[in-house]
Amino acid sequence: MTNKIEVSNLDFFYGKAQALFDITLEVPERQVVAFIGPSGCGKSTFLRTLNRMNDTIPIARAQGVVTIDGKNIYAPGTDVVALRRKVGMVFQKSNPFPKSIFENVAYGIRINKIHSSKADLTERVEKALHDAALWDEVKDRLNMSAFGLSGGQQQRLCIARALAVQPEVILMDEPASALDPIATQKIEELVVGLKRDYTIVIVTHNMQQASRVSDKTAFFMLGKLVEYNSTQKIFTNPEQKLTEDYVTGRFG
């Protein structure tokens, strides 16, 4: 199986404070990898190193190697805009733009100039909404404000917006933590379906969610990667006592 992402000996700092310690792991292509661990353990920080979102924080710096398709994304001269187009991000809180449903999805297509005509733009928007399992719910109100959608629909709209620029990797930072159980189930079903075409890394506090959607699970504690293995092994027969204590609810 081909690895889409390979991380080796990654350290990460906010100023003098070290947040990640010597992280090494691989993310196989077209699989879902879940990051679990207690709050403040570094899983969201690590997620953001995979498309250099942390670059927006002046005092943040990474040491080590992160390769995507064999290219070190921290190498000098890396086109960070192109990187973030290839590695899309969906945040914990849905953040639709104050625009119509259509224009939310069209936004990235327009700024990246990846459409050839108005018809092509419309087709790309429709495909992204289909891929995000939202088309049937919004096809008759594409010109209405995105703020008129429910929380779960807004989150799927943000996923459609990420998919519209044709990324290869999708990072999701607790995408269902603010949603009700029915909306959460839709997001989970969507994640499982999307791995046919995308490599997905998801941060979640919800242990059951990790076990339902992911192929592999990484358990973080205090900025360190404690254990990384197939999800089934992590949840049924972990190698580390600390992992077992966490997944069985003894702490966290």
# chains A, B, ... in the order shown; residues from 1 in each chain; ligands from 1
$ select_by_dssp --residues "stretch 4-57 of chain A" --states "alpha helix (DSSP H)" --output "count of residues only"
7
$ closest_atom_pairs --of "stretch 180-207 of chain A" --to "stretch 132-156 of chain A" --cutoff "12 Å" --atoms "only C-alpha atoms" --output "JSON lines"
{"residue": "A:Asp180", "atom": "CA", "partner": "A:Gly152", "partner_atom": "CA", "distance": 7.9}
{"residue": "A:Pro181", "atom": "CA", "partner": "A:Gly152", "partner_atom": "CA", "distance": 9.9}
{"residue": "A:Ile182", "atom": "CA", "partner": "A:Gly152", "partner_atom": "CA", "distance": 8.6}
{"residue": "A:Ala183", "atom": "CA", "partner": "A:Gly152", "partner_atom": "CA", "distance": 5.0}
{"residue": "A:Thr184", "atom": "CA", "partner": "A:Gly152", "partner_atom": "CA", "distance": 7.4}
{"residue": "A:Gln185", "atom": "CA", "partner": "A:Gly152", "partner_atom": "CA", "distance": 9.8}
{"residue": "A:Lys186", "atom": "CA", "partner": "A:Gly152", "partner_atom": "CA", "distance": 8.2}
{"residue": "A:Ile187", "atom": "CA", "partner": "A:Arg156", "partner_atom": "CA", "distance": 7.2}
{"residue": "A:Glu188", "atom": "CA", "partner": "A:Arg156", "partner_atom": "CA", "distance": 10.9}
{"residue": "A:Glu189", "atom": "CA", "partner": "A:Ala133", "partner_atom": "CA", "distance": 9.3}
{"residue": "A:Leu190", "atom": "CA", "partner": "A:Ala132", "partner_atom": "CA", "distance": 6.7}
{"residue": "A:Val191", "atom": "CA", "partner": "A:Ala132", "partner_atom": "CA", "distance": 9.1}
{"residue": "A:Val192", "atom": "CA", "partner": "A:Ala132", "partner_atom": "CA", "distance": 11.5}
{"residue": "A:Gly193", "atom": "CA", "partner": "A:Ala132", "partner_atom": "CA", "distance": 9.5}
{"residue": "A:Leu194", "atom": "CA", "partner": "A:Ala132", "partner_atom": "CA", "distance": 8.4}
$ write_last_selection --atoms "N, CA and C atoms" --output "JSON list (two decimals), in the first residue's frame"
[["chain", "number", "residue", "atom", "x", "y", "z"],
["A", 180, "ASP", "N", -25.54, 17.42, 16.33],
["A", 180, "ASP", "CA", -26.40, 16.44, 17.00],
["A", 180, "ASP", "C", -26.11, 15.05, 16.42],
["A", 181, "PRO", "N", -26.63, 13.98, 17.06],
["A", 181, "PRO", "CA", -26.30, 12.62, 16.63],
["A", 181, "PRO", "C", -26.65, 12.31, 15.17],
["A", 182, "ILE", "N", -27.77, 12.82, 14.68],
["A", 182, "ILE", "CA", -28.17, 12.51, 13.29],
["A", 182, "ILE", "C", -27.23, 13.19, 12.31],
["A", 183, "ALA", "N", -26.91, 14.47, 12.56],
["A", 183, "ALA", "CA", -25.97, 15.18, 11.69],
["A", 183, "ALA", "C", -24.58, 14.55, 11.77],
["A", 184, "THR", "N", -24.21, 14.09, 12.96],
["A", 184, "THR", "CA", -22.91, 13.42, 13.14],
["A", 184, "THR", "C", -22.84, 12.15, 12.31],
["A", 185, "GLN", "N", -23.92, 11.39, 12.32],
["A", 185, "GLN", "CA", -23.95, 10.14, 11.55],
["A", 185, "GLN", "C", -23.76, 10.43, 10.06],
["A", 186, "LYS", "N", -24.38, 11.51, 9.58],
["A", 186, "LYS", "CA", -24.23, 11.86, 8.16],
["A", 186, "LYS", "C", -22.78, 12.20, 7.83],
["A", 187, "ILE", "N", -22.12, 12.93, 8.73],
["A", 187, "ILE", "CA", -20.71, 13.28, 8.50],
["A", 187, "ILE", "C", -19.87, 12.01, 8.49],
["A", 188, "GLU", "N", -20.15, 11.09, 9.43],
["A", 188, "GLU", "CA", -19.38, 9.84, 9.49],
["A", 188, "GLU", "C", -19.56, 9.01, 8.23],
["A", 189, "GLU", "N", -20.79, 8.90, 7.76],
["A", 189, "GLU", "CA", -21.05, 8.14, 6.53],
["A", 189, "GLU", "C", -20.32, 8.79, 5.35],
["A", 190, "LEU", "N", -20.30, 10.11, 5.36],
["A", 190, "LEU", "CA", -19.63, 10.86, 4.30],
["A", 190, "LEU", "C", -18.13, 10.57, 4.31],
["A", 191, "VAL", "N", -17.52, 10.58, 5.50],
["A", 191, "VAL", "CA", -16.08, 10.32, 5.62],
["A", 191, "VAL", "C", -15.74, 8.93, 5.06],
["A", 192, "VAL", "N", -16.53, 7.95, 5.43],
["A", 192, "VAL", "CA", -16.28, 6.58, 4.96],
["A", 192, "VAL", "C", -16.39, 6.50, 3.43],
["A", 193, "GLY", "N", -17.38, 7.21, 2.87],
["A", 193, "GLY", "CA", -17.56, 7.21, 1.42],
["A", 193, "GLY", "C", -16.45, 7.95, 0.69],
["A", 194, "LEU", "N", -15.94, 9.03, 1.30],
["A", 194, "LEU", "CA", -14.94, 9.87, 0.62],
["A", 194, "LEU", "C", -13.59, 9.19, 0.45]]
$ closest_residue --among "A:Ala60, A:Val169, A:Ala75, A:Leu225" --to "A:Asp22" --atoms "only C-alpha atoms"
A:Leu225
$ residues_around --residues "A:Thr204" --least-positions-apart "3" --cutoff "9 Å" --atoms "only C-alpha atoms" --output "PDB file with C-alpha atoms, in the first residue's frame"
ATOM      1  CA  ALA A  34      -7.929   9.099  13.226  1.00  0.00           C
ATOM      2  CA  PHE A  35      -5.967  11.063  15.837  1.00  0.00           C
ATOM      3  CA  ILE A  36      -7.233  10.539  19.381  1.00  0.00           C
ATOM      4  CA  GLY A  37      -6.070  11.683  22.798  1.00  0.00           C
ATOM      5  CA  LYS A  43      -3.369  16.198  17.885  1.00  0.00           C
ATOM      6  CA  MET A 172     -10.774  17.282   9.520  1.00  0.00           C
ATOM      7  CA  ASP A 173     -10.471  18.804  12.977  1.00  0.00           C
ATOM      8  CA  GLU A 174     -13.354  17.369  15.022  1.00  0.00           C
ATOM      9  CA  PRO A 175     -15.827  17.972  12.205  1.00  0.00           C
ATOM     10  CA  ALA A 176     -18.832  16.629  14.115  1.00  0.00           C
ATOM     11  CA  SER A 177     -18.148  17.755  17.681  1.00  0.00           C
ATOM     12  CA  MET A 207     -13.710   7.173  20.583  1.00  0.00           C
ATOM     13  CA  GLN A 209     -16.408   7.751  16.014  1.00  0.00           C
ATOM     14  CA  ALA A 210     -12.740   6.863  15.554  1.00  0.00           C
TER      15      ALA A 210
END
$ select_by_dssp --residues "stretch 107-173 of chain A" --states "strand (DSSP E)" --output "ChimeraX atom specification"
/A:169-173
$ atom_distance --atom1 "atom CA of A:Ile200" --atom2 "atom CA of A:Arg30"
7.1 Å
$ decode --residues "stretch 117-148 of chain A" --atoms "N, CA and C atoms" --output "compact mmCIF listing (two decimals), in the first residue's frame"
# COMPACT_ATOMS: atom_id res chain seq x y z
N SER A 117 -15.34 27.70 -17.91
CA SER A 117 -16.52 28.44 -18.37
C SER A 117 -17.53 28.47 -17.23
N LYS A 118 -18.58 29.23 -17.44
CA LYS A 118 -19.64 29.29 -16.43
C LYS A 118 -20.29 27.92 -16.25
N ALA A 119 -20.48 27.21 -17.37
CA ALA A 119 -21.08 25.86 -17.29
C ALA A 119 -20.17 24.91 -16.52
N ASP A 120 -18.88 25.04 -16.73
CA ASP A 120 -17.91 24.19 -16.02
C ASP A 120 -17.94 24.50 -14.53
N LEU A 121 -18.03 25.79 -14.18
CA LEU A 121 -18.12 26.20 -12.78
C LEU A 121 -19.35 25.57 -12.13
N THR A 122 -20.49 25.68 -12.80
CA THR A 122 -21.74 25.12 -12.27
C THR A 122 -21.62 23.61 -12.07
N GLU A 123 -20.99 22.96 -13.03
CA GLU A 123 -20.82 21.50 -12.95
C GLU A 123 -19.94 21.12 -11.77
N ARG A 124 -18.87 21.88 -11.56
CA ARG A 124 -17.95 21.60 -10.46
C ARG A 124 -18.62 21.82 -9.10
N VAL A 125 -19.43 22.88 -9.01
CA VAL A 125 -20.16 23.14 -7.76
C VAL A 125 -21.13 22.00 -7.48
N GLU A 126 -21.84 21.58 -8.50
CA GLU A 126 -22.82 20.49 -8.33
C GLU A 126 -22.12 19.20 -7.89
N LYS A 127 -20.98 18.90 -8.52
CA LYS A 127 -20.26 17.68 -8.17
C LYS A 127 -19.79 17.71 -6.71
N ALA A 128 -19.27 18.87 -6.28
CA ALA A 128 -18.79 18.99 -4.90
C ALA A 128 -19.94 18.81 -3.91
N LEU A 129 -21.10 19.37 -4.24
CA LEU A 129 -22.28 19.21 -3.36
C LEU A 129 -22.75 17.76 -3.34
N HIS A 130 -22.70 17.09 -4.49
CA HIS A 130 -23.01 15.65 -4.52
C HIS A 130 -22.03 14.88 -3.65
N ASP A 131 -20.73 15.17 -3.82
CA ASP A 131 -19.70 14.43 -3.07
C ASP A 131 -19.83 14.65 -1.58
N ALA A 132 -20.36 15.80 -1.19
CA ALA A 132 -20.54 16.10 0.24
C ALA A 132 -21.92 15.68 0.74
N ALA A 133 -22.65 14.92 -0.09
CA ALA A 133 -23.97 14.40 0.28
C ALA A 133 -24.93 15.51 0.68
N LEU A 134 -24.88 16.62 -0.08
CA LEU A 134 -25.72 17.77 0.27
C LEU A 134 -26.62 18.20 -0.89
N TRP A 135 -26.32 17.76 -2.10
CA TRP A 135 -27.00 18.24 -3.29
C TRP A 135 -28.52 18.13 -3.19
N ASP A 136 -29.02 16.96 -2.80
CA ASP A 136 -30.47 16.74 -2.78
C ASP A 136 -31.18 17.69 -1.82
N GLU A 137 -30.45 18.13 -0.78
CA GLU A 137 -31.06 19.00 0.23
C GLU A 137 -31.02 20.48 -0.17
N VAL A 138 -30.14 20.85 -1.10
CA VAL A 138 -29.97 22.29 -1.39
C VAL A 138 -30.18 22.66 -2.86
N LYS A 139 -30.42 21.67 -3.72
CA LYS A 139 -30.43 21.96 -5.17
C LYS A 139 -31.47 22.99 -5.58
N ASP A 140 -32.54 23.14 -4.79
CA ASP A 140 -33.58 24.11 -5.14
C ASP A 140 -33.38 25.47 -4.49
N ARG A 141 -32.29 25.63 -3.73
CA ARG A 141 -32.08 26.93 -3.05
C ARG A 141 -30.60 27.33 -3.06
N LEU A 142 -29.97 27.11 -4.19
CA LEU A 142 -28.54 27.40 -4.29
C LEU A 142 -28.22 28.88 -4.13
N ASN A 143 -29.19 29.74 -4.43
CA ASN A 143 -28.94 31.18 -4.33
C ASN A 143 -29.32 31.76 -2.97
N MET A 144 -29.78 30.89 -2.07
CA MET A 144 -30.09 31.36 -0.71
C MET A 144 -28.82 31.43 0.13
N SER A 145 -28.87 32.22 1.20
CA SER A 145 -27.71 32.36 2.09
C SER A 145 -27.35 31.03 2.74
N ALA A 146 -26.05 30.78 2.83
CA ALA A 146 -25.57 29.56 3.50
C ALA A 146 -25.96 29.55 4.98
N PHE A 147 -26.19 30.74 5.54
CA PHE A 147 -26.55 30.80 6.96
C PHE A 147 -27.95 30.26 7.24
N GLY A 148 -28.72 30.02 6.18
CA GLY A 148 -30.05 29.44 6.36
C GLY A 148 -30.02 27.92 6.54
